[in-house]
>>> print(open('entry.txt').read())   # compact mmCIF, C-alpha atoms
# COMPACT_ATOMS: atom_id res chain seq x y z
CA MET A 19 3.74 47.71 -6.10
CA LYS A 20 3.32 51.50 -5.70
CA ALA A 21 5.79 51.42 -2.80
CA LEU A 22 8.31 49.51 -4.92
CA VAL A 23 7.98 52.01 -7.81
CA ALA A 24 8.43 54.88 -5.40
CA PHE A 25 11.52 53.23 -3.95
CA VAL A 26 13.05 52.79 -7.43
CA VAL A 27 12.34 56.47 -8.26
CA LEU A 28 13.96 57.47 -5.00
CA LEU A 29 16.99 55.38 -5.86
CA ALA A 30 17.31 57.10 -9.21
CA ALA A 31 17.15 60.48 -7.51
CA CYS A 32 19.79 59.52 -4.94
CA ASN A 33 22.06 58.29 -7.73
CA ALA A 34 22.10 61.59 -9.54
CA ASP A 35 25.81 61.95 -8.70
CA GLY A 36 26.60 59.30 -11.32
CA VAL A 37 27.73 56.48 -9.06
CA GLY A 38 27.33 53.18 -11.00
CA ALA A 39 24.26 51.03 -10.44
CA PRO A 40 24.78 47.67 -8.72
CA THR A 41 25.77 44.65 -10.76
CA LEU A 42 25.11 41.00 -10.01
CA ASP A 43 27.55 38.32 -11.14
CA ARG A 44 26.66 35.12 -9.30
CA ALA A 45 25.16 33.47 -6.24
CA GLU A 46 27.02 31.08 -3.93
CA PRO A 47 25.62 28.49 -3.79
CA PRO A 48 23.55 28.96 -6.96
CA TYR A 49 20.57 27.12 -5.47
CA ALA A 50 18.16 27.28 -2.54
CA PRO A 51 15.34 25.05 -1.28
CA LEU A 52 11.82 25.83 -2.43
CA THR A 53 10.87 26.24 1.23
CA GLY A 54 13.36 29.10 1.57
CA GLY A 55 15.12 29.99 4.80
CA THR A 56 18.73 29.43 3.73
CA GLU A 57 21.32 32.13 3.10
CA VAL A 58 23.16 32.60 -0.18
CA ILE A 59 25.94 35.05 -0.96
CA LEU A 60 25.34 37.38 -3.90
CA ARG A 61 28.52 38.62 -5.55
CA GLY A 62 28.76 41.68 -7.75
CA SER A 63 29.43 45.37 -7.17
CA GLY A 64 27.76 48.54 -6.02
CA PHE A 65 26.11 46.97 -3.00
CA ALA A 66 25.85 50.18 -1.00
CA ALA A 67 23.79 49.71 2.15
CA PRO A 68 20.91 49.52 2.69
CA ASN A 69 20.01 46.87 0.09
CA ARG A 70 16.78 45.16 -0.80
CA VAL A 71 16.67 41.87 -2.70
CA LEU A 72 13.69 40.38 -4.54
CA ILE A 73 13.65 36.72 -5.56
CA ASN A 74 11.03 36.20 -8.28
CA GLY A 75 9.11 39.13 -6.81
CA HIS A 76 9.32 37.92 -3.19
CA GLU A 77 11.40 40.11 -0.91
CA SER A 78 14.15 38.58 1.16
CA PRO A 79 13.36 38.81 4.89
CA LEU A 80 16.99 39.56 5.73
CA VAL A 81 19.84 41.09 3.69
CA ARG A 82 23.34 41.49 5.18
CA THR A 83 25.64 43.94 3.45
CA ILE A 84 29.05 42.32 3.85
CA ASP A 85 30.87 44.84 1.66
CA ASP A 86 30.45 46.61 -1.67
CA THR A 87 30.79 43.29 -3.54
CA GLN A 88 28.93 40.79 -1.30
CA LEU A 89 25.44 40.44 0.12
CA GLY A 90 24.24 37.72 2.49
CA VAL A 91 20.62 37.06 1.48
CA VAL A 92 18.09 34.86 3.28
CA ILE A 93 15.97 33.29 0.52
CA PRO A 94 12.16 33.61 0.81
CA PRO A 95 9.91 30.62 -0.01
CA GLY A 96 9.44 30.10 -3.74
CA ASP A 97 6.49 29.32 -5.97
CA GLN A 98 8.05 26.58 -8.08
CA PRO A 99 11.43 24.97 -8.75
CA GLY A 100 13.76 26.38 -11.39
CA ASP A 101 15.59 29.53 -12.38
CA VAL A 102 14.51 32.76 -10.70
CA GLU A 103 14.93 36.48 -11.30
CA VAL A 104 17.11 38.18 -8.68
CA VAL A 105 16.71 41.93 -8.22
CA VAL A 106 19.00 44.10 -6.06
CA LEU A 107 17.91 47.63 -5.18
CA ASN A 108 19.86 50.32 -3.31
CA ARG A 109 20.68 54.03 -3.49
CA ASN A 110 22.95 53.42 -6.49
CA GLY A 111 20.06 52.02 -8.54
CA ASN A 112 18.92 48.49 -9.26
CA THR A 113 19.88 45.42 -11.24
CA ALA A 114 18.09 42.25 -12.25
CA ALA A 115 19.61 38.96 -13.35
CA ARG A 116 18.57 35.46 -14.31
CA GLY A 117 20.68 32.35 -14.48
CA VAL A 118 22.44 33.06 -11.19
CA LEU A 119 20.06 31.34 -8.74
CA ARG A 120 17.49 28.53 -8.88
CA TYR A 121 15.06 26.92 -6.50
CA SER A 122 15.96 23.25 -6.12
CA THR A 123 13.35 20.63 -6.72
CA PRO A 124 12.12 18.88 -3.55
CA PRO A 125 13.00 15.20 -3.16
CA GLU A 126 11.12 12.74 -5.34
CA LEU A 127 10.53 9.04 -4.72
CA THR A 128 10.34 6.77 -7.77
CA GLY A 129 11.16 3.26 -6.50
CA ILE A 130 11.55 1.03 -3.48
CA SER A 131 12.91 -2.43 -2.79
CA PRO A 132 12.33 -5.00 -1.47
CA GLU A 133 8.57 -5.25 -1.98
CA ARG A 134 8.10 -7.29 1.21
CA VAL A 135 9.36 -6.59 4.73
CA LEU A 136 8.81 -8.95 7.66
CA TYR A 137 6.52 -7.11 10.05
CA SER A 138 8.59 -7.91 13.16
CA SER A 139 12.04 -7.21 11.68
CA THR A 140 14.22 -4.31 12.81
CA THR A 141 17.12 -5.05 10.46
CA THR A 142 15.60 -5.20 6.97
CA ARG A 143 17.46 -2.85 4.65
CA VAL A 144 15.24 -0.90 2.29
CA THR A 145 16.50 0.96 -0.79
CA LEU A 146 14.78 4.13 -2.00
CA THR A 147 15.43 5.55 -5.46
CA GLY A 148 14.48 8.98 -6.71
CA THR A 149 16.15 12.39 -6.67
CA GLY A 150 17.05 15.10 -4.21
CA PHE A 151 18.78 13.00 -1.55
CA LEU A 152 22.29 14.54 -1.66
CA ASP A 153 23.00 17.37 -4.10
CA GLU A 154 22.20 21.08 -3.87
CA GLY A 155 22.38 21.30 -0.11
CA ALA A 156 20.06 18.39 0.70
CA GLY A 157 21.83 18.08 4.05
CA MET A 158 20.76 15.53 6.65
CA VAL A 159 18.10 13.12 5.43
CA GLU A 160 15.34 11.58 7.54
CA VAL A 161 13.07 8.71 6.51
CA LEU A 162 9.68 8.25 8.18
CA VAL A 163 7.71 5.02 7.88
CA ASP A 164 4.13 5.70 8.98
CA GLY A 165 5.64 8.37 11.22
CA ALA A 166 8.30 6.09 12.76
CA LEU A 167 11.92 6.95 12.07
CA GLY A 168 13.93 4.70 9.82
CA THR A 169 17.39 4.02 11.20
CA ASP A 170 20.94 3.67 9.86
CA ILE A 171 20.21 5.90 6.86
CA GLU A 172 22.95 5.81 4.24
CA VAL A 173 22.77 8.27 1.34
CA LEU A 174 24.58 6.62 -1.55
CA SER A 175 23.96 9.34 -4.14
CA ASP A 176 21.48 12.03 -5.04
CA THR A 177 19.27 9.26 -6.48
CA GLU A 178 19.63 6.42 -3.96
CA LEU A 179 19.60 5.84 -0.21
CA THR A 180 19.15 2.90 2.12
CA PHE A 181 17.73 2.58 5.64
CA SER A 182 16.57 -0.01 8.16
CA ALA A 183 12.79 -0.25 8.32
CA PRO A 184 11.06 -0.24 11.72
CA PRO A 185 8.55 -3.00 12.59
CA GLY A 186 5.01 -2.49 11.29
CA ARG A 187 1.49 -3.88 11.10
CA PRO A 188 1.18 -7.10 9.06
CA LEU A 189 -0.39 -6.66 5.58
CA ALA A 190 -0.13 -2.86 5.66
CA ARG A 191 1.64 -0.76 3.05
CA PRO A 192 3.10 2.09 5.10
CA GLU A 193 3.40 5.71 4.06
CA ILE A 194 7.06 6.61 3.50
CA THR A 195 8.31 10.19 3.71
CA VAL A 196 11.81 11.48 2.94
CA VAL A 197 12.68 14.83 4.51
CA ASP A 198 15.81 16.90 3.89
CA ALA A 199 16.78 20.56 3.48
CA ARG A 200 15.31 20.59 -0.03
CA GLY A 201 11.85 19.64 1.19
CA SER A 202 9.97 16.36 1.51
CA ALA A 203 8.44 13.60 -0.59
CA THR A 204 5.77 11.10 0.45
CA THR A 205 4.50 7.93 -1.21
CA ARG A 206 2.19 5.03 -0.42
CA LYS A 207 3.53 2.94 -3.30
CA THR A 208 5.81 1.15 -0.91
CA PHE A 209 6.65 -2.28 0.42
CA ARG A 210 4.14 -4.42 2.26
CA TYR A 211 4.71 -5.61 5.81
CA VAL A 212 4.19 -9.37 5.60
CA PRO A 213 3.40 -11.80 8.44
CA SER A 214 6.01 -14.21 7.07
CA LEU A 215 8.60 -14.29 4.33
CA GLN A 216 7.24 -17.72 3.44
CA PRO A 217 3.94 -18.19 1.57
CA GLY A 218 0.90 -19.42 3.45
CA LEU A 219 -2.82 -18.92 3.82
CA LEU A 220 -4.86 -15.94 5.00
CA LEU A 221 -7.91 -16.83 7.10
CA PHE A 222 -10.60 -14.23 7.69
CA PRO A 223 -12.32 -14.84 11.07
CA ARG A 224 -16.03 -14.96 11.56
CA PHE A 225 -15.86 -13.37 15.01
CA GLY A 226 -13.46 -11.53 17.33
CA GLY A 227 -11.05 -8.64 17.16
CA TRP A 228 -8.82 -9.99 14.41
CA PHE A 229 -8.89 -8.88 10.80
CA ALA A 230 -7.14 -12.02 9.56
CA MET A 231 -4.94 -14.92 10.57
CA PHE A 232 -1.86 -15.93 8.61
CA VAL A 233 -1.27 -19.68 8.66
CA ASP A 234 1.84 -21.44 7.42
CA PRO A 235 0.64 -25.05 7.27
CA VAL A 236 4.16 -26.33 6.65
CA ALA A 237 5.88 -24.60 9.59
CA MET A 238 2.66 -24.83 11.65
CA GLN A 239 2.85 -21.09 12.31
CA VAL A 240 -0.08 -18.77 13.06
CA VAL A 241 0.26 -14.96 13.02
CA PRO A 242 -2.83 -12.99 14.14
CA ILE A 243 -3.45 -9.67 12.40
CA GLN A 244 -5.24 -7.13 14.54
CA ALA A 245 -8.28 -5.27 13.22
CA VAL A 246 -7.71 -1.52 13.02
CA THR A 247 -11.34 -0.68 13.87
CA ASP A 248 -14.17 -2.34 15.75
CA GLN A 249 -16.22 -2.38 12.52
CA THR A 250 -14.43 -5.34 10.98
CA ILE A 251 -15.99 -6.63 7.77
CA ARG A 252 -16.89 -10.32 7.97
CA TYR A 253 -16.24 -12.13 4.71
CA THR A 254 -17.97 -15.22 3.37
CA ALA A 255 -15.36 -15.67 0.63
CA VAL A 256 -12.10 -14.06 -0.48
CA ILE A 257 -10.25 -14.42 -3.78
CA ARG A 258 -6.83 -13.27 -5.00
CA ASP A 259 -6.42 -11.98 -8.54
CA ALA A 260 -3.46 -12.34 -10.91
CA ARG A 261 -1.91 -9.10 -9.61
CA GLY A 262 -1.96 -10.31 -6.02
CA GLU A 263 -4.89 -8.07 -5.01
CA TYR A 264 -7.62 -9.44 -2.74
CA TRP A 265 -11.36 -9.25 -3.33
CA GLY A 266 -14.08 -10.22 -0.88
CA PHE A 267 -17.72 -11.18 -0.55
CA ASP A 268 -19.31 -10.17 2.75
CA ARG A 269 -22.45 -11.14 4.64
CA ALA A 270 -24.34 -8.19 3.17
CA ARG A 271 -23.86 -9.74 -0.30
CA ARG A 272 -21.38 -7.06 -1.29
CA PHE A 273 -18.35 -7.77 -3.46
CA GLY A 274 -15.36 -5.44 -3.62
CA HIS A 275 -11.64 -4.89 -3.44
CA ILE A 276 -10.05 -5.41 -0.02
CA ASP A 277 -7.54 -2.72 0.96
CA LEU A 278 -5.25 -4.69 3.26
CA THR A 279 -3.82 -1.47 4.72
CA THR A 280 -7.09 0.18 5.75
CA GLN A 281 -8.93 -3.17 6.00
CA GLU A 282 -11.85 -1.62 4.13
CA MET A 283 -13.73 -2.91 1.09
CA GLU A 284 -13.71 -0.59 -1.94
CA ASP A 285 -15.67 -0.26 -5.19
CA THR A 286 -18.38 -2.62 -4.03
CA VAL A 287 -21.18 -4.14 -6.09
CA LEU A 288 -24.17 -6.12 -4.86
CA VAL A 289 -24.24 -9.85 -5.59
CA ASP A 290 -27.65 -11.34 -6.40
CA THR A 291 -27.19 -14.43 -4.23
CA THR A 292 -25.34 -15.83 -1.20
CA LEU A 293 -21.92 -17.30 -1.96
CA PRO A 294 -20.28 -19.26 0.88
CA THR A 295 -17.22 -20.12 -1.22
CA VAL A 296 -15.54 -18.65 -4.30
CA VAL A 297 -12.25 -19.59 -5.98
CA GLY A 298 -10.26 -18.48 -8.99
CA VAL A 299 -9.79 -21.13 -11.66
CA GLY A 300 -7.75 -20.00 -14.64
CA GLY A 301 -9.26 -16.76 -15.83
CA THR A 302 -12.67 -17.35 -14.25
CA TYR A 303 -14.13 -17.53 -10.76
CA LEU A 304 -16.22 -20.47 -9.57
CA ALA A 305 -18.64 -20.26 -6.67
CA ILE A 306 -21.26 -22.30 -4.85
CA ASP A 307 -24.63 -20.63 -4.54
CA ARG A 308 -26.20 -21.42 -1.18
CA ILE A 309 -29.72 -20.77 -2.46
CA SER A 310 -29.78 -22.89 -5.62
CA LYS A 311 -27.06 -25.25 -4.32
CA THR A 312 -25.34 -25.15 -7.69
CA ILE A 313 -21.78 -24.46 -8.80
CA GLY A 314 -21.40 -21.62 -11.26
CA ARG A 315 -19.36 -18.70 -12.49
CA ILE A 316 -19.38 -15.32 -10.79
CA ASP A 317 -18.77 -12.14 -12.80
CA PRO A 318 -16.67 -9.93 -10.49
CA THR A 319 -17.57 -6.76 -12.39
CA SER A 320 -21.34 -7.14 -12.06
CA GLY A 321 -21.78 -9.67 -9.25
CA ASP A 322 -23.91 -11.90 -11.50
CA PHE A 323 -23.90 -15.65 -10.82
CA THR A 324 -24.40 -18.14 -13.69
CA PRO A 325 -24.94 -21.81 -12.73
CA ILE A 326 -23.00 -24.45 -14.65
CA SER A 327 -23.92 -27.56 -12.63
CA THR A 328 -27.03 -29.30 -11.50
CA PRO A 329 -27.83 -28.94 -7.78
CA ILE A 330 -24.99 -30.57 -5.85
CA LEU A 331 -27.31 -31.60 -3.04
CA THR A 332 -30.94 -32.59 -2.85
CA PRO A 333 -32.07 -32.22 0.75
CA ALA A 334 -33.80 -35.03 2.57
CA ASN A 335 -37.47 -34.48 3.32
CA PRO A 336 -37.48 -33.60 6.12
CA PRO A 337 -33.79 -32.57 6.13
CA ASP A 338 -31.56 -34.95 8.07
CA PRO A 339 -29.44 -33.46 9.58
CA PRO A 340 -31.53 -30.27 10.02
CA ASP A 341 -29.06 -28.10 8.02
CA PRO A 342 -27.66 -30.21 5.20
CA PHE A 343 -26.53 -27.29 3.09
CA GLY A 344 -23.25 -26.27 4.76
CA SER A 345 -19.68 -27.52 4.67
CA PHE A 346 -19.06 -25.83 1.34
CA GLY A 347 -15.52 -25.43 0.08
CA LEU A 348 -13.91 -25.02 -3.36
CA ALA A 349 -10.28 -25.45 -4.38
CA PRO A 350 -8.35 -26.38 -7.53
CA VAL A 351 -5.37 -28.73 -7.31
CA GLY A 352 -3.64 -28.67 -10.66
CA ASN A 353 -6.34 -29.20 -13.28
CA THR A 354 -8.82 -30.76 -10.84
CA VAL A 355 -11.38 -28.65 -9.00
CA TYR A 356 -12.63 -30.10 -5.72
CA PHE A 357 -15.64 -29.06 -3.68
CA THR A 358 -17.07 -30.21 -0.38
CA LYS A 359 -20.66 -30.43 0.82
CA ARG A 360 -22.69 -31.81 3.67
CA THR A 361 -24.79 -34.85 2.94
CA PRO A 362 -27.45 -36.54 5.07
CA THR A 363 -24.72 -38.92 6.32
CA GLY A 364 -21.78 -36.53 6.77
CA VAL A 365 -19.40 -34.38 4.73
CA ALA A 366 -18.14 -35.46 1.30
CA ILE A 367 -15.65 -34.25 -1.29
CA ASN A 368 -16.26 -34.32 -5.01
CA THR A 369 -14.92 -32.89 -8.27
CA VAL A 370 -16.49 -30.57 -10.80
CA ASP A 371 -15.52 -29.85 -14.40
CA PRO A 372 -15.15 -26.02 -14.50
CA ALA A 373 -16.09 -25.95 -18.18
CA THR A 374 -19.18 -28.19 -18.21
CA GLY A 375 -20.22 -28.39 -14.58
CA ALA A 376 -20.12 -32.21 -14.69
CA LEU A 377 -19.72 -33.73 -11.23
CA GLY A 378 -17.35 -36.56 -10.38
CA ALA A 379 -17.52 -39.40 -7.87
CA GLN A 380 -18.30 -38.48 -4.29
CA VAL A 381 -15.89 -39.52 -1.48
CA ALA A 382 -16.94 -39.42 2.18
CA LEU A 383 -14.66 -37.49 4.53
CA THR A 384 -13.58 -39.32 7.68
CA GLY A 385 -11.13 -38.99 10.53
CA VAL A 386 -12.37 -35.89 12.37
CA ASP A 387 -15.47 -35.76 14.52
CA SER A 388 -17.91 -32.85 14.13
CA LEU A 389 -16.45 -31.84 10.79
CA HIS A 390 -18.06 -28.74 9.28
CA ILE A 391 -15.96 -27.14 6.54
CA GLU A 392 -16.20 -23.38 6.17
CA GLU A 393 -13.65 -22.93 3.38
CA MET A 394 -11.03 -24.95 1.53
CA ARG A 395 -7.86 -24.03 -0.36
CA ALA A 396 -4.94 -25.83 -1.97
CA PHE A 397 -1.48 -24.87 -0.79
CA ASP A 398 1.60 -26.47 -2.32
CA GLY A 399 -0.63 -29.14 -3.86
CA VAL A 400 -2.31 -30.07 -0.56
CA LEU A 401 -5.92 -29.37 0.41
CA TYR A 402 -6.51 -27.53 3.69
CA ALA A 403 -9.79 -26.47 5.26
CA THR A 404 -11.12 -24.42 8.14
CA ASN A 405 -13.41 -26.26 10.54
CA SER A 406 -16.28 -24.60 12.38
CA ASP A 407 -14.79 -25.60 15.75
CA GLY A 408 -11.73 -23.40 15.03
CA THR A 409 -9.38 -26.22 14.08
CA PHE A 410 -7.43 -26.46 10.85
CA VAL A 411 -7.45 -29.68 8.84
CA ARG A 412 -5.73 -31.38 5.92
CA ILE A 413 -7.78 -33.37 3.41
CA ASP A 414 -6.72 -36.27 1.22
CA PRO A 415 -9.29 -36.15 -1.60
CA ALA A 416 -8.43 -39.64 -2.85
CA THR A 417 -9.12 -41.45 0.42
CA GLY A 418 -11.33 -38.89 2.16
CA ILE A 419 -9.09 -38.98 5.26
CA VAL A 420 -9.13 -35.71 7.21
CA THR A 421 -6.29 -34.89 9.60
CA ALA A 422 -6.52 -32.18 12.26
CA LEU A 423 -3.30 -30.13 12.44
CA PRO A 424 -1.71 -29.03 15.74
CA ILE A 425 -2.63 -25.36 15.26
CA PHE A 426 -5.77 -23.49 16.25
CA PRO A 427 -6.34 -20.35 14.12
CA GLY A 428 -9.99 -20.05 15.17
CA ARG A 429 -13.17 -20.09 13.16
CA ALA A 430 -12.91 -18.53 9.71
CA ASN A 431 -15.46 -18.33 6.90
CA ALA A 432 -13.01 -17.21 4.21
CA MET A 433 -9.51 -18.30 3.25
CA GLU A 434 -7.09 -17.52 0.43
CA VAL A 435 -3.47 -18.13 -0.52
CA PHE A 436 -0.94 -15.47 0.52
CA GLU A 437 2.42 -15.19 -1.22
>>> encode(input="entry.txt", output="structure tokens")
Amino acid sequence: MKALVAFVVLLAACNADGVGAPTLDRAEPPYAPLTGGTEVILRGSGFAAPNRVLINGHESPLVRTIDDTQLGVVIPPGDQPGDVEVVVLNRNGNTAARGVLRYSTPPELTGISPERVLYSSTTTRVTLTGTGFLDEGAGMVEVLVDGALGTDIEVLSDTELTFSAPPGRPLARPEITVVDARGSATTRKTFRYVPSLQPGLLLFPRFGGWFAMFVDPVAMQVVPIQAVTDQTIRYTAVIRDARGEYWGFDRARRFGHIDLTTQEMEDTVLVDTTLPTVVGVGGTYLAIDRISKTIGRIDPTSGDFTPISTPILTPANPPDPPDPFGSFGLAPVGNTVYFTKRTPTGVAINTVDPATGALGAQVALTGVDSLHIEEMRAFDGVLYATNSDGTFVRIDPATGIVTALPIFPGRANAMEVFE
């Protein structure tokens, strides 16, 4: 600051001959990026070399004196967008002006469509809305999707652009960054890479290097989804809420939100029992408690389990077979809630009233040898279940007939609808 004051005093002394101080009329263009580095032309008078230029107190790293009426000024980085004070100093004196130059706002991202992109597609067109894509010297625009370049970028206006998304990891929401001469903008509120554009079921394996398996039981399609770490969480049950978010119960009796991008469980609470199956029914969640062998309601905020039924199975004494407490599954079809259980003679399906806990008539399941159900869900009005031998089966609850489907997603403890 002392040096600047001394320089101004020196200017005043040098201008004792009465030559007019510089004037500043305008800047062309009247904007510059907040990152600086571009050149603008200042127009006015009295620009006798050498000249110094300050932009909001920051000195320009390079000033070209074109003639007495024009200066080429490289703009330094700014502190914030908006109008700035421009000061010109030379041997004729100094001048300061506002309203002639502004720092442009960096790009901003406010919206994206579509919300779903097929993970393997290279041709899906994505539309970004926001600001800062075209005007005020935005220049060439790049779009990065988790670091990979989007292609065929078309800037439609300062507020809209389109591009072709690169392939990505199924279930992930990628980070999207827009970069142009005005700066950059990044968001994670983006589309989700989906394993299929059709709805289906997500299976969460008990073993192996997969985070999940997507199964379309209509098209008989299986899409494996790779785990991003070797510390994959193994779920005993997974539920989907009304917003489409997934929540899981793991083997450590934790319950929490599943981030499908990071594949981590967040905001966990401890559950006071072991729940091999949980399902959403209306605005509540029903579960089977492995310890008390009852059906009840689970409070997702506290993890508390409240029984509503009598025990669904009374073990033989001694148990026959040795572990009669497995083959648990729960799934609503319309207004009817079905559950499965192992009995001393096999596996059976039954109904439960979600309000009273009253049990219906038991139907034995037949048609598949070595049936051991690990989870059950309804998809398009049909009951499907995962079998402990890795096969995938369809269940007719009226007749008890079980049909093995010609797909092999592997063993999975948890399953939920994906759409």
>>> residues_around(input="entry.txt", residues="Leu377 in chain A", least_positions_apart="2", cutoff="12 Å", atoms="all atoms listed in the file", output="list in words")
Thr312, Ile313, Ile326, Ser327, Thr328, Pro329, Ile330, Leu331, Thr354, Val355, Tyr356, Phe357, Thr358, Ile367, Asn368, Thr369, Val370, Asp371, Pro372, Ala373, Thr374, Gly375, Ala379, Gln380 and Val381 of chain A
>>> residues_near_point(input="entry.txt", point="(29.6, 45.4, -1.6)", cutoff="8 Å", atoms="all atoms listed in the file", output="PyMOL selection string")
chain A and resi 61-66+83-89
>>> residues_around(input="entry.txt", residues="Leu278 in chain A", least_positions_apart="4", cutoff="10 Å", atoms="only C-alpha atoms", output="list in words")
Pro188, Leu189, Ala190, Arg191, Arg210, Phe229, Ala230, Glu263, Tyr264, Glu282 and Met283 of chain A
>>> closest_atom_pairs(input="entry.txt", of="range 302-376 of chain A", to="range 252-260 of chain A", cutoff="10 Å", atoms="all atoms listed in the file", output="tab-separated table")
residue	atom	partner	partner_atom	distance
A:Tyr303	CA	A:Ile257	CA	8.6
A:Ala305	CA	A:Ala255	CA	9.2
A:Gly347	CA	A:Ala255	CA	9.8
>>> write_last_selection(input="entry.txt", atoms="C-alpha atoms", output="PDB file, in the frame of the given file")
ATOM      1  CA  TYR A 303     -14.130 -17.530 -10.760  1.00  0.00           C
ATOM      2  CA  ALA A 305     -18.640 -20.260  -6.670  1.00  0.00           C
ATOM      3  CA  GLY A 347     -15.520 -25.430   0.080  1.00  0.00           C
TER       4      GLY A 347
END
>>> atom_distance(input="entry.txt", atom1="CA of Thr363 in chain A", atom2="CA of Pro294 in chain A")
20.9 Å
>>> closest_residue(input="entry.txt", among="A:Pro47, A:Gly298, A:Pro325, A:Pro184", to="Lys311 in chain A", atoms="only C-alpha atoms")
A:Pro325
>>> residues_around(input="entry.txt", residues="Glu160 in chain A", least_positions_apart="3", cutoff="7 Å", atoms="only C-alpha atoms", output="PDB file with C-alpha atoms, keeping the file's coordinate frame")
ATOM      1  CA  VAL A 196      11.810  11.480   2.940  1.00  0.00           C
ATOM      2  CA  VAL A 197      12.680  14.830   4.510  1.00  0.00           C
ATOM      3  CA  ASP A 198      15.810  16.900   3.890  1.00  0.00           C
TER       4      ASP A 198
END
>>> atom_distance(input="entry.txt", atom1="CA of Leu221 in chain A", atom2="CA of Arg315 in chain A")
22.8 Å
>>> residues_around(input="entry.txt", residues="Asn112 in chain A", least_positions_apart="6", cutoff="10 Å", atoms="all atoms listed in the file", output="list of chain:residue names")
A:Val26, A:Leu29, A:Ala30, A:Gly38, A:Ala39, A:Pro40, A:Thr41, A:Leu42, A:Gly64, A:Phe65, A:Asn69, A:Arg70, A:Val71, A:Val105, A:Val106
>>> closest_residue(input="entry.txt", among="A:Arg44, A:Arg134, A:His390, A:Arg224", to="Pro192 in chain A", atoms="all atoms listed in the file")
A:Arg134
>>> closest_residue(input="entry.txt", among="A:Ala376, A:Met394, A:Gly301, A:Gly385", to="Lys359 in chain A", atoms="all atoms listed in the file")
A:Met394
>>> closest_atom_pairs(input="entry.txt", of="range 266-384 of chain A", to="range 395-412 of chain A", cutoff="9 Å", atoms="all atoms listed in the file", output="tab-separated table")
residue	atom	partner	partner_atom	distance
A:Val297	CA	A:Arg395	CA	8.4
A:Ser345	CA	A:Asn405	CA	8.7
A:Gly347	CA	A:Ala403	CA	7.8
A:Leu348	CA	A:Arg395	CA	6.8
A:Ala349	CA	A:Arg395	CA	4.9
A:Pro350	CA	A:Ala396	CA	6.5
A:Val351	CA	A:Gly399	CA	5.9
A:Gly352	CA	A:Gly399	CA	7.5
>>> residues_around(input="entry.txt", residues="Arg272 in chain A", least_positions_apart="5", cutoff="12 Å", atoms="all atoms listed in the file", output="VMD selection string")
chain A and resid 251 to 256 265 to 267 283 to 293 318 to 322
>>> atom_distance(input="entry.txt", atom1="CA of Val246 in chain A", atom2="CA of Gly274 in chain A")
18.7 Å
>>> closest_residue(input="entry.txt", among="A:Glu193, A:Asp234, A:Asp317, A:Asp414", to="Ala166 in chain A", atoms="all atoms listed in the file")
A:Glu193
>>> residues_near_point(input="entry.txt", point="(-10.2, -17.8, 12.4)", cutoff="6 Å", atoms="only C-alpha atoms", output="PyMOL selection string")
chain A and resi 221-223+427-430
>>> write_last_selection(input="entry.txt", atoms="C-alpha atoms", output="PDB file, in the coordinates of the input")
ATOM      1  CA  LEU A 221      -7.910 -16.830   7.100  1.00  0.00           C
ATOM      2  CA  PHE A 222     -10.600 -14.230   7.690  1.00  0.00           C
ATOM      3  CA  PRO A 223     -12.320 -14.840  11.070  1.00  0.00           C
ATOM      4  CA  PRO A 427      -6.340 -20.350  14.120  1.00  0.00           C
ATOM      5  CA  GLY A 428      -9.990 -20.050  15.170  1.00  0.00           C
ATOM      6  CA  ARG A 429     -13.170 -20.090  13.160  1.00  0.00           C
ATOM      7  CA  ALA A 430     -12.910 -18.530   9.710  1.00  0.00           C
TER       8      ALA A 430
END
>>> build_atoms(input="entry.txt", residues="range 360-368 of chain A", atoms="N, CA and C atoms", output="PDB file, in the coordinates of the input")
ATOM      1  N   ARG A 360     -22.108 -30.943   2.656  1.00  0.00           N
ATOM      2  CA  ARG A 360     -22.690 -31.810   3.670  1.00  0.00           C
ATOM      3  C   ARG A 360     -23.780 -32.667   3.031  1.00  0.00           C
ATOM      4  N   THR A 361     -23.769 -33.921   3.413  1.00  0.00           N
ATOM      5  CA  THR A 361     -24.790 -34.850   2.940  1.00  0.00           C
ATOM      6  C   THR A 361     -25.593 -35.323   4.151  1.00  0.00           C
ATOM      7  N   PRO A 362     -26.684 -36.025   3.928  1.00  0.00           N
ATOM      8  CA  PRO A 362     -27.450 -36.540   5.070  1.00  0.00           C
ATOM      9  C   PRO A 362     -26.652 -37.472   5.974  1.00  0.00           C
ATOM     10  N   THR A 363     -25.521 -37.990   5.496  1.00  0.00           N
ATOM     11  CA  THR A 363     -24.720 -38.920   6.320  1.00  0.00           C
ATOM     12  C   THR A 363     -23.388 -38.346   6.749  1.00  0.00           C
ATOM     13  N   GLY A 364     -23.064 -37.111   6.391  1.00  0.00           N
ATOM     14  CA  GLY A 364     -21.780 -36.530   6.770  1.00  0.00           C
ATOM     15  C   GLY A 364     -21.323 -35.507   5.758  1.00  0.00           C
ATOM     16  N   VAL A 365     -19.983 -35.334   5.673  1.00  0.00           N
ATOM     17  CA  VAL A 365     -19.400 -34.380   4.730  1.00  0.00           C
ATOM     18  C   VAL A 365     -18.650 -35.180   3.667  1.00  0.00           C
ATOM     19  N   ALA A 366     -18.775 -34.745   2.406  1.00  0.00           N
ATOM     20  CA  ALA A 366     -18.140 -35.460   1.300  1.00  0.00           C
ATOM     21  C   ALA A 366     -17.368 -34.482   0.437  1.00  0.00           C
ATOM     22  N   ILE A 367     -16.408 -35.036  -0.325  1.00  0.00           N
ATOM     23  CA  ILE A 367     -15.650 -34.250  -1.290  1.00  0.00           C
ATOM     24  C   ILE A 367     -15.927 -34.820  -2.674  1.00  0.00           C
ATOM     25  N   ASN A 368     -15.922 -33.930  -3.665  1.00  0.00           N
ATOM     26  CA  ASN A 368     -16.260 -34.320  -5.010  1.00  0.00           C
ATOM     27  C   ASN A 368     -15.455 -33.456  -5.974  1.00  0.00           C
TER      28      ASN A 368
END
